[in-house]
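**Student:** Here it is, the structure in full.
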Amino acid sequence: MMTKVGHLPEETSSFVGRRAELARLHTALTTRRMTTLIGPGGVGKTRLALRAARAAADRYADGAWWADLSPLADDRLLLPTVSDAVGLADHTLRMPVEALCEWLGDKHLLLVLDSAEHLRGPCSHLLAEILTTSTGLSVLVTSRQPLGTRGEYVVEVPPLPVDGAPDALQLFADRLRAADPRAGLDAPGDEAAAAEICRRLEGIPLAIELAAAGIGRHSVAQLATRIGTRFDAPGLTVGAPGAYGSSGAYGSSGAAGLPGGVGASSAPGTSRLDLLADETAWPRRHRTLRTTIGWSHELCTPLERLLWARLTPLRTDFDAEVAREVCAGGPLSPDEVDRALQGLVAQSVVQRDGDRYRMLDTLREYGRMWLAELGEARAAADRHASSFLGLARRAHEGWTGPDQVSWYHKVSDTHLDLCAALEHLLAHDVEGAQEMAGRVGFFWACCGHLSEARNYAQRALDAGPVEGPHRTRLQWVLGVAALLQSDFATAEKYGALCTATALYDRDDEGMLAATYLSGITQLMTGEPEEALEAARRVLRMTEGVPVDSGHRLRCRLVTVFALTALGRLDESEAAATALRRACERGGEFWTRTYADYQLALIALLQGRPEASATHARAMLAGKHRLRDSFGIALGLDLLAAAIAAQGAGAQAARVYGTGHAYWRMVGHPQRGTPELGPVRERCELQARAAVGDEAYQRAFERGQSDNAEVGLAAALRTELQL
């Protein structure tokens, strides 16, 4: 969801009460640089932080930005997650924290870190760094405990009031109506019974929402009685052996073939669920929430309980197809997964948004513990890894087809699940890890995850012997990532290694890949003749490879770039036009956008700025669909030059400014193939001459300070502003 500036998640349900807390947060965000909301799971910290951030966003020139840390198992992906959240896709060899500090250095923004309790130490160290170097930065954190960072201002989040205020009752009623618009508290005694439920649940929002979801099976009065019985039961520890009677955790051994007596080896009165309790913060209310979750768990059918547990390895939002892949097996057939998933949605265990689903972290913790009780943790992780290895294979195969853009987005959106799957495969299936790292590496390089692409490819190579196409792909990923980071010596090294490996393996696809890597490296280091000769030779050698192969199309792109660099513009234009048509026939976007880039550059060099601007905008539209910040930066520079060549100096300056903002996103000064530099400088001088230095600077600064999406939209408008 886009605020005026910045990105915050969409609010998908009503927000109730919290006036006092919002007022306190308003003051804190106005006067403090770091505020931490603390409280137990389920008390409403995330919703409160989201509402406060949305209210405050317009006070920050660079907006409010959100990073959900709950999916992170450890701190290895903390920096990439925060960098992604604030729009940084660093393409340099710097330390990631150094790049993040520089990116935030002149920003005036609010950064929200949600669910930081399991990463308190790493978060504290990171925030100490960025708050020191980024004086315009404010931070809002949600955590079950304070982080302990210097200057941290702590705000405790209490449950909703249940006496003398309608908030808890209003939440209960709202969630009833959300599940069934005809539902309400209209029957005699309903309102009093609902108030008793809220009192029993001590105003804890998640507990109230779970209770409201139980109305489908009970009247409000019956629900109040059941909850009262549950909470009054002496010595009951939810989740302990016998807590659900003879049926155990997932039903009796005769119920759908599921194991019974889960936890039977535990000592009486103990439970893994005690791990949810944080005795330093409101242990009694933790028990209340645990009891409510356990009661909701008891209301589930055995198969719904099993699905609840098996969904927990998923780190990000998921669809029904992924749920089937990760969770089906044994008594849970694919059709049963669909039915059980809808049951969990009906009970508010899983939240649905369109065709996507997600589970709150507190409920995921509960399910994860039951997964361990069942002895299924390893099997579930195996299924999760297998599912995302399958996704990597399908994405790789679909790269040059009409679904390239959707695969690109899917790989980007499931980044944390792919990383989790890779970690598991590196530990338990090295060959699978080597295949996966090679298949997703180019996607990651294009998405800006260069550090992860290099790290996982190197770890996969180091993990054990690897032969054939998997080895070539891993070496190629390392080389492409190095190339995009301007590490040309490493790119050259891996280009040579890929060539030798592909020749040894008689791998034509590998030869084309190696030639693309070596060719672009040669172009960037001023050797276009060598790049052209090698590309043409390998294209002749590999004529058996289909014309729509991704590697073949990229190798043809090398010839286009080389011909342009050599000044053979007519040949280059013909080659670029033919390449673009080939891409268009197959639905390939990535290579097509670079063919557009070359056509724009050729037209500019030939003195046809109007045609150049048209091609540049086509490139930018494609790069925007692919979310490729590096490609957008290249395209904006070229478009600005084409606009300047038409005499629209102020408009060109604004586009140059937006381009500069995108270059900063990828951590580079302006880049491009060597022949672009003189063209860019000449056109910038034209723009300055057309409007004067002062007007040029004003327009440039406007483009630089625009929200990136706003600036790009302005650049894509075709009318000339003379």
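Within each chain, counting starts at residue 1; across the structure tokens, chains are named A, B, ... in the order shown, with ligands numbered 1 upward in that order.
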Going by DSSP on the backbone, which residues of segment 11-222 of chain A come out as alpha helix (DSSP H)? List them as a PyMOL selection string.
**Tutor:** chain A and resi 19-31+45-56+78-85+96-104+120-133+167-179+190-200+205-213+220-222
**Student:** Could you list, as JSON, numbers by chain, every residue within 7 Å of segment 543-551 of chain A, counting only C-alpha atoms and ignoring same-chain residues fewer than 4 positions away?
**Tutor:** {"A": [400, 509, 512, 513, 539, 555, 586]}
**Student:** Please list as a PDB file with C-alpha atoms, in the first residue's frame every residue within 8 Å of segment 699-709 of chain A, counting only C-alpha atoms and excluding residues in the same chain fewer than 5 positions away.
**Tutor:**
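New file result31.pdb:
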ATOM      1  CA  VAL A   5       5.307   8.878   0.487  1.00  0.00           C
ATOM      2  CA  GLY A   6       6.650   5.544   1.627  1.00  0.00           C
ATOM      3  CA  ASP A  62      10.667  10.544   2.699  1.00  0.00           C
ATOM      4  CA  ALA A 650      13.964  21.858 -17.286  1.00  0.00           C
ATOM      5  CA  GLN A 651      12.117  18.647 -18.093  1.00  0.00           C
ATOM      6  CA  ALA A 653      16.875  18.178 -15.588  1.00  0.00           C
ATOM      7  CA  ARG A 654      13.987  16.725 -13.599  1.00  0.00           C
ATOM      8  CA  VAL A 655      14.395  13.344 -15.310  1.00  0.00           C
ATOM      9  CA  TYR A 656      18.148  13.480 -14.640  1.00  0.00           C
ATOM     10  CA  GLY A 657      17.309  14.153 -10.973  1.00  0.00           C
ATOM     11  CA  THR A 658      14.980  11.147 -10.800  1.00  0.00           C
ATOM     12  CA  GLY A 659      17.675   9.054 -12.450  1.00  0.00           C
ATOM     13  CA  HIS A 660      20.157  10.208  -9.821  1.00  0.00           C
ATOM     14  CA  ALA A 661      17.725   9.034  -7.096  1.00  0.00           C
ATOM     15  CA  TYR A 662      17.586   5.590  -8.730  1.00  0.00           C
TER      16      TYR A 662
END
**Student:** Which parts of segment 325-500 of chain A does DSSP call strand (DSSP E) when run on the backbone here, written out as number ranges by chain?
**Tutor:** A: 350-353, 356-359
**Student:** My list of candidates is A:Asp570, A:Asp628, A:Glu533, A:Asp429. Which is closest to Phe443 of chain A when distances are computed with only C-alpha atoms?
**Tutor:**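 Of A:Asp570, A:Asp628, A:Glu533, A:Asp429, the one nearest Phe443 of chain A is A:Asp628, counting only C-alpha atoms.
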**Student:** So the first atom is atom CA of Phe630 of chain A and the second is atom CA of Ala481 of chain A; what is the distance between them in Å, to one decimal place?
**Tutor:**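 A separation of 12.7 Å between them.
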**Student:** Please indicate the distance in Å from atom CA of Arg540 of chain A to atom CA of His470 of chain A, rounded to one decimal place.
**Tutor:**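 Computing it gives 23.9 Å between the two atoms.
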**Student:** Give me, as a short mmCIF file (atom, residue, chain, number, x, y, z; two decimals) with all heavy atoms, in the first residue's frame, all polymer residues having an atom no more than 10 Å from Ala55 of chain A, counting only C-alpha atoms and skipping those fewer than 2 positions away in the same chain.
**Tutor:**
data_model
loop_
_atom_site.label_atom_id
_atom_site.label_comp_id
_atom_site.auth_asym_id
_atom_site.auth_seq_id
_atom_site.Cartn_x
_atom_site.Cartn_y
_atom_site.Cartn_z
N THR A 3 1.50 5.05 0.84
CA THR A 3 1.03 6.25 1.52
C THR A 3 1.38 7.42 0.62
O THR A 3 1.81 7.24 -0.52
CB THR A 3 1.71 6.40 2.89
OG1 THR A 3 3.11 6.53 2.67
CG2 THR A 3 1.46 5.19 3.78
N LEU A 22 -2.46 6.18 20.88
CA LEU A 22 -2.10 6.91 19.67
C LEU A 22 -1.62 8.32 20.00
O LEU A 22 -0.67 8.83 19.38
CB LEU A 22 -3.29 6.97 18.70
CG LEU A 22 -3.60 5.66 17.98
CD1 LEU A 22 -4.94 5.75 17.26
CD2 LEU A 22 -2.49 5.32 16.98
N HIS A 26 2.00 9.73 19.13
CA HIS A 26 2.18 10.97 18.38
C HIS A 26 3.24 11.84 19.05
O HIS A 26 4.15 12.37 18.38
CB HIS A 26 0.86 11.74 18.29
CG HIS A 26 0.99 13.10 17.67
ND1 HIS A 26 1.00 13.30 16.30
CD2 HIS A 26 1.15 14.34 18.23
CE1 HIS A 26 1.15 14.58 16.04
NE2 HIS A 26 1.24 15.23 17.19
N ALA A 49 1.13 0.12 15.85
CA ALA A 49 2.26 0.71 15.14
C ALA A 49 1.88 1.12 13.73
O ALA A 49 2.26 2.19 13.24
CB ALA A 49 3.43 -0.27 15.10
N LEU A 50 1.09 0.29 13.06
CA LEU A 50 0.67 0.60 11.69
C LEU A 50 -0.21 1.83 11.66
O LEU A 50 -0.03 2.72 10.82
CB LEU A 50 -0.08 -0.60 11.11
CG LEU A 50 -0.63 -0.45 9.69
CD1 LEU A 50 0.45 -0.06 8.71
CD2 LEU A 50 -1.31 -1.76 9.26
N ARG A 51 -1.17 1.93 12.58
CA ARG A 51 -2.04 3.09 12.61
C ARG A 51 -1.25 4.36 12.95
O ARG A 51 -1.46 5.42 12.33
CB ARG A 51 -3.16 2.86 13.63
CG ARG A 51 -4.16 4.00 13.80
CD ARG A 51 -4.78 4.44 12.48
NE ARG A 51 -5.58 3.45 11.83
CZ ARG A 51 -6.92 3.44 11.81
NH1 ARG A 51 -7.60 4.38 12.44
NH2 ARG A 51 -7.56 2.51 11.14
N ALA A 52 -0.31 4.28 13.89
CA ALA A 52 0.49 5.44 14.26
C ALA A 52 1.40 5.86 13.11
O ALA A 52 1.57 7.06 12.82
CB ALA A 52 1.32 5.13 15.50
N ALA A 53 1.99 4.89 12.41
CA ALA A 53 2.88 5.20 11.29
C ALA A 53 2.10 5.85 10.15
O ALA A 53 2.57 6.79 9.50
CB ALA A 53 3.57 3.93 10.80
N ALA A 57 3.03 9.53 8.66
CA ALA A 57 3.81 9.43 7.42
C ALA A 57 4.02 10.77 6.74
O ALA A 57 5.11 11.07 6.26
CB ALA A 57 3.14 8.45 6.46
N ASP A 58 2.98 11.60 6.71
CA ASP A 58 3.08 12.86 5.98
C ASP A 58 4.00 13.86 6.66
O ASP A 58 4.36 14.87 6.06
CB ASP A 58 1.69 13.47 5.80
CG ASP A 58 0.87 12.71 4.76
OD1 ASP A 58 1.47 11.92 4.01
OD2 ASP A 58 -0.35 12.89 4.72
N ARG A 59 4.39 13.60 7.91
CA ARG A 59 5.31 14.50 8.60
C ARG A 59 6.76 14.23 8.20
O ARG A 59 7.66 14.98 8.59
CB ARG A 59 5.16 14.37 10.12
CG ARG A 59 3.76 14.68 10.63
CD ARG A 59 3.79 15.08 12.10
NE ARG A 59 4.38 14.08 12.95
CZ ARG A 59 3.70 13.09 13.54
NH1 ARG A 59 2.38 12.98 13.33
NH2 ARG A 59 4.29 12.23 14.33
N ALA A 64 7.03 6.85 5.44
CA ALA A 64 7.09 5.81 6.47
C ALA A 64 7.26 4.47 5.77
O ALA A 64 6.55 4.17 4.81
CB ALA A 64 5.81 5.82 7.30
#
